[in-house]
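The file start-v6.cif comes next; it holds mmCIF, C-alpha atoms and all ligand atoms.
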```cif
data_my_file
loop_
_atom_site.group_PDB
_atom_site.id
_atom_site.type_symbol
_atom_site.label_atom_id
_atom_site.label_comp_id
_atom_site.auth_asym_id
_atom_site.auth_seq_id
_atom_site.Cartn_x
_atom_site.Cartn_y
_atom_site.Cartn_z
ATOM 1 C CA MET A 936 17.899 -16.739 -3.875
ATOM 2 C CA SER A 937 17.628 -18.844 -0.681
ATOM 3 C CA GLN A 938 14.305 -20.403 0.206
ATOM 4 C CA GLN A 939 13.871 -17.953 3.061
ATOM 5 C CA SER A 940 14.499 -14.955 0.790
ATOM 6 C CA GLN A 941 12.091 -16.394 -1.754
ATOM 7 C CA GLU A 942 9.367 -16.694 0.878
ATOM 8 C CA GLN A 943 9.991 -13.134 1.940
ATOM 9 C CA TYR A 944 9.882 -11.968 -1.668
ATOM 10 C CA GLN A 945 6.497 -13.645 -2.084
ATOM 11 C CA PHE A 946 5.287 -12.129 1.166
ATOM 12 C CA ILE A 947 6.198 -8.636 -0.070
ATOM 13 C CA GLU A 948 4.502 -9.334 -3.382
ATOM 14 C CA LYS A 949 1.273 -10.097 -1.512
ATOM 15 C CA ILE A 950 1.492 -6.785 0.351
ATOM 16 C CA LEU A 951 2.101 -4.903 -2.878
ATOM 17 C CA LYS A 952 -0.900 -6.534 -4.538
ATOM 18 C CA ILE A 953 -3.127 -5.275 -1.725
ATOM 19 C CA HIS A 954 -1.915 -1.683 -1.756
ATOM 20 C CA VAL A 955 -0.740 -0.966 -5.301
ATOM 21 C CA GLN A 956 -3.238 -0.975 -8.130
ATOM 22 C CA GLU A 957 -0.735 -1.026 -11.005
ATOM 23 C CA ASP A 958 1.900 -3.525 -12.013
ATOM 24 C CA VAL A 959 3.694 -4.898 -8.946
ATOM 25 C CA SER A 960 6.790 -6.300 -10.665
ATOM 26 C CA MET A 961 9.763 -5.282 -8.578
ATOM 27 C CA GLU A 962 12.605 -3.547 -10.384
ATOM 28 C CA GLU A 963 14.695 -3.513 -7.219
ATOM 29 C CA PHE A 964 14.356 -5.401 -3.952
ATOM 30 C CA GLN A 965 16.769 -4.667 -1.150
ATOM 31 C CA PHE A 966 16.754 -6.020 2.388
ATOM 32 C CA PHE A 967 17.354 -3.465 5.058
ATOM 33 C CA TYR A 968 19.050 -4.414 8.284
ATOM 34 C CA GLY A 969 19.248 -1.006 9.929
ATOM 35 C CA GLY A 970 16.514 -1.528 12.465
ATOM 36 C CA ASN A 971 16.104 -2.967 15.888
ATOM 37 C CA PHE A 972 14.130 -6.124 15.591
ATOM 38 C CA ASN A 973 11.783 -5.715 12.637
ATOM 39 C CA LEU A 974 12.554 -6.851 9.123
ATOM 40 C CA ALA A 975 12.493 -4.313 6.333
ATOM 41 C CA VAL A 976 12.851 -3.994 2.581
ATOM 42 C CA ARG A 977 13.080 -1.214 0.055
ATOM 43 C CA VAL A 978 11.300 -2.040 -3.157
ATOM 44 C CA LYS A 979 11.224 -0.187 -6.423
ATOM 45 C CA LEU A 980 8.255 -0.526 -8.756
ATOM 46 C CA LYS A 981 7.391 1.434 -11.886
ATOM 47 C CA SER A 982 4.996 3.515 -9.806
ATOM 48 C CA GLY A 983 7.508 4.446 -7.113
ATOM 49 C CA GLU A 984 9.727 3.321 -4.270
ATOM 50 C CA PHE A 985 8.375 1.850 -1.057
ATOM 51 C CA PHE A 986 9.701 0.847 2.349
ATOM 52 C CA ILE A 987 8.023 -2.085 4.064
ATOM 53 C CA LYS A 988 8.638 -3.221 7.647
ATOM 54 C CA TRP A 989 7.207 -6.379 9.136
ATOM 55 C CA ASN A 990 7.483 -8.676 12.114
ATOM 56 C CA GLN A 991 6.527 -12.224 12.972
ATOM 57 C CA GLY A 992 3.260 -11.299 14.665
ATOM 58 C CA ASP A 993 4.995 -10.373 17.918
ATOM 59 C CA HIS A 994 4.395 -6.903 19.393
ATOM 60 C CA HIS A 995 0.795 -6.914 18.328
ATOM 61 C CA GLY A 996 -0.451 -3.569 17.052
ATOM 62 C CA LEU A 997 3.017 -2.027 16.831
ATOM 63 C CA PHE A 998 2.743 -1.038 13.166
ATOM 64 C CA GLU A 999 -0.825 0.154 13.477
ATOM 65 C CA ALA A 1000 0.395 2.494 16.224
ATOM 66 C CA GLU A 1001 3.456 3.499 14.190
ATOM 67 C CA ALA A 1002 1.229 4.396 11.234
ATOM 68 C CA LYS A 1003 -0.927 6.598 13.493
ATOM 69 C CA ASN A 1004 2.221 8.190 14.938
ATOM 70 C CA LEU A 1005 3.487 9.036 11.443
ATOM 71 C CA GLN A 1006 0.137 10.537 10.520
ATOM 72 C CA LEU A 1007 0.119 12.697 13.653
ATOM 73 C CA LEU A 1008 3.572 14.060 12.828
ATOM 74 C CA GLU A 1009 2.579 14.614 9.226
ATOM 75 C CA GLN A 1010 -0.393 16.728 10.294
ATOM 76 C CA THR A 1011 1.939 19.259 11.906
ATOM 77 C CA LYS A 1012 3.359 20.000 8.431
ATOM 78 C CA THR A 1013 6.742 20.763 9.909
ATOM 79 C CA ILE A 1014 9.201 17.881 9.481
ATOM 80 C CA GLN A 1015 9.019 15.376 6.645
ATOM 81 C CA VAL A 1016 7.941 11.867 7.577
ATOM 82 C CA PRO A 1017 7.184 9.004 5.172
ATOM 83 C CA GLN A 1018 3.601 8.833 3.929
ATOM 84 C CA VAL A 1019 1.803 5.745 5.159
ATOM 85 C CA ILE A 1020 0.545 3.576 2.309
ATOM 86 C CA GLY A 1021 -0.975 0.765 4.321
ATOM 87 C CA VAL A 1022 -0.858 -1.338 7.439
ATOM 88 C CA GLY A 1023 -2.158 -4.855 7.974
ATOM 89 C CA ALA A 1024 -1.410 -8.515 8.636
ATOM 90 C CA ILE A 1025 -0.836 -11.495 6.362
ATOM 91 C CA GLU A 1026 -0.369 -14.985 7.799
ATOM 92 C CA GLU A 1027 -0.157 -13.409 11.275
ATOM 93 C CA LYS A 1028 2.772 -11.243 10.252
ATOM 94 C CA GLU A 1029 2.033 -7.574 10.747
ATOM 95 C CA TYR A 1030 3.412 -5.027 8.323
ATOM 96 C CA LEU A 1031 3.659 -1.324 7.584
ATOM 97 C CA MET A 1032 4.077 -0.109 4.033
ATOM 98 C CA MET A 1033 5.197 3.436 3.504
ATOM 99 C CA GLU A 1034 6.754 5.776 1.029
ATOM 100 C CA CYS A 1035 10.499 5.275 0.719
ATOM 101 C CA ILE A 1036 12.580 8.299 1.649
ATOM 102 C CA PRO A 1037 15.553 8.396 -0.745
ATOM 103 C CA THR A 1038 18.669 9.729 0.924
ATOM 104 C CA GLY A 1039 21.025 12.405 -0.317
ATOM 105 C CA GLY A 1040 24.041 14.417 0.713
ATOM 106 C CA ILE A 1041 23.655 16.497 3.845
ATOM 107 C CA LYS A 1042 23.001 20.245 3.285
ATOM 108 C CA ALA A 1043 25.203 22.738 5.104
ATOM 109 C CA ASN A 1044 22.228 24.080 7.075
ATOM 110 C CA TYR A 1045 20.902 20.599 7.995
ATOM 111 C CA TRP A 1046 21.199 21.012 11.763
ATOM 112 C CA GLU A 1047 19.846 24.571 11.990
ATOM 113 C CA ASP A 1048 16.941 23.624 9.747
ATOM 114 C CA PHE A 1049 16.285 20.491 11.869
ATOM 115 C CA GLY A 1050 16.391 22.517 15.111
ATOM 116 C CA HIS A 1051 13.991 25.126 13.725
ATOM 117 C CA LYS A 1052 11.605 22.531 12.364
ATOM 118 C CA LEU A 1053 11.500 20.565 15.611
ATOM 119 C CA ALA A 1054 10.865 23.781 17.569
ATOM 120 C CA GLN A 1055 8.051 24.610 15.161
ATOM 121 C CA MET A 1056 6.610 21.127 15.500
ATOM 122 C CA HIS A 1057 6.588 21.400 19.300
ATOM 123 C CA GLN A 1058 5.191 24.927 19.258
ATOM 124 C CA LYS A 1059 2.411 24.261 16.762
ATOM 125 C CA SER A 1060 1.198 21.106 18.463
ATOM 126 C CA SER A 1061 0.856 22.539 21.958
ATOM 127 C CA ASN A 1062 -1.923 20.730 23.802
ATOM 128 C CA GLU A 1063 -3.452 20.900 27.265
ATOM 129 C CA GLY A 1064 -3.257 17.221 28.085
ATOM 130 C CA HIS A 1065 -0.233 14.950 28.306
ATOM 131 C CA GLY A 1066 -0.756 11.505 26.806
ATOM 132 C CA LEU A 1067 -2.210 9.997 23.676
ATOM 133 C CA ALA A 1068 -5.431 8.329 22.560
ATOM 134 C CA TYR A 1069 -3.744 4.938 22.174
ATOM 135 C CA THR A 1070 -0.935 2.811 23.579
ATOM 136 C CA ASN A 1071 2.136 2.575 21.360
ATOM 137 C CA TYR A 1072 5.691 1.276 21.577
ATOM 138 C CA LEU A 1073 9.165 2.596 22.286
ATOM 139 C CA GLY A 1074 11.340 0.037 20.502
ATOM 140 C CA ALA A 1075 9.872 -3.259 21.650
ATOM 141 C CA ALA A 1076 8.502 -1.824 24.909
ATOM 142 C CA GLU A 1077 4.838 -0.985 25.274
ATOM 143 C CA GLN A 1078 4.400 2.703 25.987
ATOM 144 C CA LYS A 1079 1.507 3.703 28.230
ATOM 145 C CA ASN A 1080 -0.087 7.059 27.382
ATOM 146 C CA ASP A 1081 -2.974 7.631 29.826
ATOM 147 C CA TRP A 1082 -4.009 11.282 29.642
ATOM 148 C CA ASN A 1083 -3.009 13.576 32.475
ATOM 149 C CA LEU A 1084 -3.407 17.349 32.704
ATOM 150 C CA ASN A 1085 -0.186 17.607 34.668
ATOM 151 C CA GLY A 1086 3.022 16.941 32.712
ATOM 152 C CA VAL A 1087 5.076 15.947 35.756
ATOM 153 C CA ASP A 1088 2.391 13.525 36.968
ATOM 154 C CA PHE A 1089 2.156 12.082 33.468
ATOM 155 C CA PHE A 1090 5.916 11.555 33.448
ATOM 156 C CA ILE A 1091 5.880 9.874 36.874
ATOM 157 C CA GLU A 1092 2.875 7.635 36.245
ATOM 158 C CA ASN A 1093 3.166 6.703 32.577
ATOM 159 C CA ARG A 1094 6.870 6.888 32.015
ATOM 160 C CA LEU A 1095 8.711 5.971 35.224
ATOM 161 C CA LYS A 1096 6.261 4.023 37.396
ATOM 162 C CA SER A 1097 5.124 1.824 34.495
ATOM 163 C CA GLN A 1098 8.748 0.797 33.806
ATOM 164 C CA ILE A 1099 9.650 0.459 37.510
ATOM 165 C CA GLU A 1100 6.731 -1.931 37.987
ATOM 166 C CA ILE A 1101 7.997 -4.210 35.214
ATOM 167 C CA ALA A 1102 11.610 -3.988 36.436
ATOM 168 C CA VAL A 1103 10.631 -4.903 40.016
ATOM 169 C CA TYR A 1104 8.436 -7.754 38.792
ATOM 170 C CA ASN A 1105 11.320 -9.151 36.738
ATOM 171 C CA ARG A 1106 13.788 -8.516 39.603
ATOM 172 C CA ARG A 1107 15.905 -6.237 37.492
ATOM 173 C CA ILE A 1108 15.778 -3.627 40.260
ATOM 174 C CA ASP A 1109 15.158 -4.111 43.982
ATOM 175 C CA LEU A 1110 12.613 -2.523 46.325
ATOM 176 C CA GLN A 1111 15.269 -0.199 47.699
ATOM 177 C CA MET A 1112 15.720 1.357 44.271
ATOM 178 C CA GLU A 1113 11.961 1.671 43.922
ATOM 179 C CA GLU A 1114 11.969 3.558 47.230
ATOM 180 C CA THR A 1115 14.709 5.893 45.939
ATOM 181 C CA PHE A 1116 12.546 6.570 42.871
ATOM 182 C CA ASN A 1117 9.612 7.400 45.151
ATOM 183 C CA ARG A 1118 11.705 9.963 47.003
ATOM 184 C CA LEU A 1119 12.713 11.534 43.683
ATOM 185 C CA PHE A 1120 9.042 11.752 42.644
ATOM 186 C CA GLU A 1121 8.344 14.008 45.621
ATOM 187 C CA LYS A 1122 10.994 16.441 44.361
ATOM 188 C CA LEU A 1123 10.055 16.399 40.678
ATOM 189 C CA PRO A 1124 7.350 19.106 40.792
ATOM 190 C CA GLN A 1125 10.064 21.537 41.941
ATOM 191 C CA LEU A 1126 12.676 20.304 39.466
ATOM 192 C CA ILE A 1127 10.702 20.151 36.204
ATOM 193 C CA PRO A 1128 9.093 23.208 34.583
ATOM 194 C CA HIS A 1129 5.322 23.044 34.298
ATOM 195 C CA GLU A 1130 4.634 23.439 30.596
ATOM 196 C CA SER A 1131 1.757 22.541 28.335
ATOM 197 C CA SER A 1132 2.425 19.477 26.220
ATOM 198 C CA SER A 1133 3.721 19.233 22.655
ATOM 199 C CA LEU A 1134 3.521 16.435 20.161
ATOM 200 C CA LEU A 1135 6.835 14.587 20.488
ATOM 201 C CA HIS A 1136 8.503 12.187 18.080
ATOM 202 C CA GLY A 1137 9.310 10.203 21.215
ATOM 203 C CA ASP A 1138 12.325 8.207 19.949
ATOM 204 C CA LEU A 1139 14.475 10.963 18.570
ATOM 205 C CA TRP A 1140 18.030 9.745 18.117
ATOM 206 C CA SER A 1141 20.330 9.884 15.111
ATOM 207 C CA GLY A 1142 19.185 6.466 13.799
ATOM 208 C CA ASN A 1143 15.677 7.858 13.306
ATOM 209 C CA ALA A 1144 16.705 11.146 11.688
ATOM 210 C CA MET A 1145 17.440 10.642 8.000
ATOM 211 C CA VAL A 1146 18.900 12.980 5.406
ATOM 212 C CA ASN A 1147 16.404 13.178 2.527
ATOM 213 C CA ALA A 1148 17.173 13.739 -1.161
ATOM 214 C CA ASP A 1149 17.162 17.528 -0.577
ATOM 215 C CA GLY A 1150 19.788 17.154 2.142
ATOM 216 C CA GLN A 1151 17.251 18.025 4.865
ATOM 217 C CA VAL A 1152 15.831 16.062 7.763
ATOM 218 C CA ALA A 1153 13.147 13.373 7.534
ATOM 219 C CA LEU A 1154 12.056 11.473 10.640
ATOM 220 C CA VAL A 1155 11.171 7.784 10.839
ATOM 221 C CA ASP A 1156 10.110 5.284 13.518
ATOM 222 C CA PRO A 1157 8.219 7.597 15.894
ATOM 223 C CA SER A 1158 6.885 6.724 19.368
ATOM 224 C CA CYS A 1159 4.690 9.823 19.639
ATOM 225 C CA TYR A 1160 2.822 11.284 22.576
ATOM 226 C CA PHE A 1161 1.872 14.705 23.830
ATOM 227 C CA GLY A 1162 4.454 15.399 26.501
ATOM 228 C CA LEU A 1163 7.137 17.711 27.827
ATOM 229 C CA ARG A 1164 9.303 18.931 24.967
ATOM 230 C CA GLU A 1165 12.334 18.910 27.267
ATOM 231 C CA ALA A 1166 11.974 15.116 27.402
ATOM 232 C CA GLU A 1167 12.408 15.050 23.608
ATOM 233 C CA LEU A 1168 15.501 17.249 23.699
ATOM 234 C CA ALA A 1169 16.963 15.171 26.535
ATOM 235 C CA PHE A 1170 16.319 11.991 24.533
ATOM 236 C CA THR A 1171 18.450 13.325 21.646
ATOM 237 C CA THR A 1172 21.468 13.281 23.989
ATOM 238 C CA MET A 1173 21.086 9.572 24.871
ATOM 239 C CA PHE A 1174 23.279 8.155 22.106
ATOM 240 C CA GLY A 1175 25.921 10.739 21.381
ATOM 241 C CA GLY A 1176 23.710 13.770 20.836
ATOM 242 C CA PHE A 1177 23.118 16.012 17.838
ATOM 243 C CA ASP A 1178 25.240 18.843 16.491
ATOM 244 C CA LYS A 1179 25.490 21.971 18.659
ATOM 245 C CA LEU A 1180 23.846 23.983 15.855
ATOM 246 C CA PHE A 1181 20.677 21.913 16.259
ATOM 247 C CA TYR A 1182 20.270 22.899 19.936
ATOM 248 C CA GLU A 1183 21.121 26.547 19.264
ATOM 249 C CA ALA A 1184 18.552 26.763 16.477
ATOM 250 C CA TYR A 1185 15.886 25.067 18.602
ATOM 251 C CA HIS A 1186 16.519 27.390 21.516
ATOM 252 C CA GLU A 1187 16.465 30.454 19.280
ATOM 253 C CA ALA A 1188 13.086 29.472 17.811
ATOM 254 C CA TYR A 1189 11.423 28.210 21.016
ATOM 255 C CA PRO A 1190 13.522 28.971 24.105
ATOM 256 C CA ILE A 1191 13.720 26.450 26.904
ATOM 257 C CA GLU A 1192 13.947 27.322 30.588
ATOM 258 C CA LYS A 1193 17.312 27.781 32.270
ATOM 259 C CA GLY A 1194 18.860 24.756 33.937
ATOM 260 C CA PHE A 1195 17.897 22.284 31.211
ATOM 261 C CA HIS A 1196 21.287 20.570 31.305
ATOM 262 C CA GLU A 1197 20.778 19.617 34.955
ATOM 263 C CA ARG A 1198 17.351 18.160 34.100
ATOM 264 C CA ILE A 1199 18.510 15.965 31.196
ATOM 265 C CA PRO A 1200 19.370 12.932 33.403
ATOM 266 C CA ILE A 1201 15.912 13.035 35.010
ATOM 267 C CA TYR A 1202 14.119 12.786 31.656
ATOM 268 C CA ASN A 1203 16.499 10.100 30.457
ATOM 269 C CA LEU A 1204 15.587 7.863 33.373
ATOM 270 C CA TYR A 1205 12.694 6.807 31.150
ATOM 271 C CA PRO A 1206 14.672 5.471 28.136
ATOM 272 C CA LEU A 1207 17.219 4.043 30.572
ATOM 273 C CA MET A 1208 14.549 2.119 32.462
ATOM 274 C CA VAL A 1209 13.191 0.871 29.120
ATOM 275 C CA HIS A 1210 16.728 -0.377 28.407
ATOM 276 C CA VAL A 1211 16.830 -2.094 31.814
ATOM 277 C CA ASN A 1212 13.592 -3.886 30.948
ATOM 278 C CA LEU A 1213 14.483 -4.770 27.369
ATOM 279 C CA PHE A 1214 18.186 -5.476 27.634
ATOM 280 C CA GLY A 1215 18.973 -6.243 31.264
ATOM 281 C CA GLU A 1216 20.664 -5.208 34.497
ATOM 282 C CA GLY A 1217 23.667 -3.739 32.694
ATOM 283 C CA TYR A 1218 21.806 -0.424 32.605
ATOM 284 C CA VAL A 1219 20.975 -0.367 36.337
ATOM 285 C CA PRO A 1220 24.218 1.371 37.477
ATOM 286 C CA ALA A 1221 23.476 4.294 35.133
ATOM 287 C CA VAL A 1222 20.015 4.624 36.698
ATOM 288 C CA GLN A 1223 21.479 4.386 40.216
ATOM 289 C CA LYS A 1224 24.025 7.090 39.425
ATOM 290 C CA ILE A 1225 21.274 9.504 38.379
ATOM 291 C CA LEU A 1226 19.118 8.684 41.403
ATOM 292 C CA ASN A 1227 22.092 9.272 43.726
ATOM 293 C CA SER A 1228 22.586 12.760 42.349
ATOM 294 C CA TYR A 1229 19.115 14.060 43.334
HETATM 295 P P1 LIG B 1301 13.034 -0.382 13.444
HETATM 296 O O1 LIG B 1301 11.631 -0.015 13.792
HETATM 297 O O2 LIG B 1301 13.204 -1.835 13.189
HETATM 298 O O3 LIG B 1301 14.044 0.206 14.393
HETATM 299 P P2 LIG B 1301 13.374 1.840 11.598
HETATM 300 O O4 LIG B 1301 12.020 2.321 11.232
HETATM 301 O O5 LIG B 1301 14.124 2.619 12.624
HETATM 302 O O6 LIG B 1301 13.335 0.292 12.005
HETATM 303 O O7 LIG B 1301 14.208 1.752 10.254
HETATM 304 C C1 LIG B 1301 15.556 1.355 10.227
HETATM 305 C C2 LIG B 1301 16.308 2.200 9.221
HETATM 306 O O8 LIG B 1301 15.680 2.072 7.945
HETATM 307 C C3 LIG B 1301 16.263 3.699 9.542
HETATM 308 O O9 LIG B 1301 17.347 4.066 10.337
HETATM 309 C C4 LIG B 1301 16.335 4.312 8.166
HETATM 310 O O10 LIG B 1301 17.686 4.434 7.758
HETATM 311 C C5 LIG B 1301 15.670 3.313 7.272
HETATM 312 N N1 LIG B 1301 14.265 3.697 6.979
HETATM 313 C C6 LIG B 1301 13.202 3.625 7.804
HETATM 314 N N2 LIG B 1301 12.087 4.053 7.207
HETATM 315 C C7 LIG B 1301 12.453 4.398 5.953
HETATM 316 C C8 LIG B 1301 11.738 4.919 4.826
HETATM 317 N N3 LIG B 1301 10.427 5.167 4.869
HETATM 318 N N4 LIG B 1301 12.428 5.156 3.694
HETATM 319 C C9 LIG B 1301 13.761 4.898 3.630
HETATM 320 N N5 LIG B 1301 14.478 4.415 4.639
HETATM 321 C C10 LIG B 1301 13.845 4.165 5.795
#
```

Just dump the structure as structure tokens.
Ligand code: ADP
Amino acid sequence: MSQQSQEQYQFIEKILKIHVQEDVSMEEFQFFYGGNFNLAVRVKLKSGEFFIKWNQGDHHGLFEAEAKNLQLLEQTKTIQVPQVIGVGAIEEKEYLMMECIPTGGIKANYWEDFGHKLAQMHQKSSNEGHGLAYTNYLGAAEQKNDWNLNGVDFFIENRLKSQIEIAVYNRRIDLQMEETFNRLFEKLPQLIPHESSSLLHGDLWSGNAMVNADGQVALVDPSCYFGLREAELAFTTMFGGFDKLFYEAYHEAYPIEKGFHERIPIYNLYPLMVHVNLFGEGYVPAVQKILNSY
């Protein structure tokens, strides 16, 4: 084992000693490189299997927020999410320890079941306000969640304007583009349906939808908020999209208003602008193309 791996092994041991009462000798220890920027391991003890993510103390509060997000989703009792075991910091490194979700073969009804469960989650968690009681993260980007009774205003203020401000400050977009955004904002109340909010996973793409041991869906890595459910469905189309059966099942259980396909690009301006801010100007033409079409 390299010195770095040994240090990480010892770091994980410390976390286990805090949160597990029994014997913490690790039967299996496997690094996980699936994620964005955090480090992760899967560890197997006599008492069970755990998944631990940590960072180097950057993105302060990220895991505390992620733990709260997981607990919010869990309370809906609709889609499986990993149980949170503990969250904390050791030597300035923040960590999140959770139950490990073992994976299995996909069941034939995976997508229908997923669509129904997501619809149920959105329906059951309907809320008057749009927002959340705390700031969290989408990937490495801070996500502002100031409450607003109006879903469109929430989307403009907390989702688009907050990202535009950062992009202008960092000269990733120019003032002319900001002006084009402002003109779009005037049209949004007519373009977006006025719905009450639902609890959203907030970062719903295939990388965060696992197949559990029963062959059904389990969600990880949420960026929750109470918001427009159409924004969640639009988000799923960002990186290739989900199976057609998923959308059909969702629509059957909790129908969405006509014209959704034309609204998808509007909602996806948010993750695109986050990409502009995190990864650079390469994403600006995609934003411009959407703005030009409204
Ligand atoms: P990051 O926040 O760094 O993007 P993720 O939480 O998305 O990391 O995790 C990366 C991958 O690790 C996921 O795509 C999933 O395959 C796996 N994973 C995440 N959480 C668990 C868990 N609790 N149990 C098992 N595997 C997990």

Counting only C-alpha atoms, what are the residues of segment 1051-1081 of chain A within 10 Å of segment 1204-1218 of chain A, and for each of them which pair of atoms is the nearest and at what distance in Å, to one decimal? Sort the table by chain and rising number, as JSON lines.
```
{"residue": "A:Leu1073", "atom": "CA", "partner": "A:Val1209", "partner_atom": "CA", "distance": 8.1}
{"residue": "A:Gly1074", "atom": "CA", "partner": "A:Val1209", "partner_atom": "CA", "distance": 8.9}
{"residue": "A:Ala1075", "atom": "CA", "partner": "A:Leu1213", "partner_atom": "CA", "distance": 7.5}
{"residue": "A:Ala1076", "atom": "CA", "partner": "A:Val1209", "partner_atom": "CA", "distance": 6.9}
{"residue": "A:Glu1077", "atom": "CA", "partner": "A:Val1209", "partner_atom": "CA", "distance": 9.4}
{"residue": "A:Gln1078", "atom": "CA", "partner": "A:Val1209", "partner_atom": "CA", "distance": 9.5}
```

- What does the PyMOL selection byres (((chain A and resi 1151) around 8) and not hetatm) select in this file, as an NGL selection string? :A and (1041-1042 or 1045 or 1048-1049 or 1146-1150 or 1152-1153)

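Rounded to one decimal, atom CA of Glu984 of chain A and atom CA of Met1056 of chain A lie 26.8 Å from each other.
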
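Minimum distance to Lys1179 of chain A across A:Lys979, A:Gly1050, A:Asn1093, A:Gln1058 (counting only C-alpha atoms) occurs at A:Gly1050.
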
- Message: Taking the file as I've supplied it (selection: the PyMOL selection byres (((chain A and resi 1003-1008) around 12) and not hetatm)), which residues are included? Please answer as a PyMOL selection string.
- Response: chain A and resi 996-1002+1009-1022+1031-1034+1052-1053+1055-1057+1059-1060+1067-1073+1133-1138+1153-1161

- Which one is closest to Arg1094 of chain A: A:Gly1039, A:Gly1142, A:Gly1066, A:Gly992? Count only C-alpha atoms.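 Ranking A:Gly1039, A:Gly1142, A:Gly1066, A:Gly992 by distance to Arg1094 of chain A, first place goes to A:Gly1066.
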
- Task: Using atom CA of His1186 of chain A and atom CA of Asn1044 of chain A as the two end points, give the distance in Å to one decimal.
- Result: 15.9 Å

- Message: One decimal, in Å: what's the spacing between atom CA of Met961 of chain A and atom CA of Tyr944 of chain A?
- Response: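 A separation of 9.6 Å between them.
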
- Can you work out which one of A:Glu957, A:Glu942, A:Asp1178, A:Glu1027 has the shortest atom-to-atom distance to Ser1141 of chain A, counting only C-alpha atoms?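 Of the candidates, the smallest distance to Ser1141 of chain A is held by A:Asp1178.
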
- For ligand LIG 1301 (chain B), the closest of A:Ile1025, A:Gln1098, A:Trp1140, A:His1129 counting all atoms listed in the file is A:Trp1140
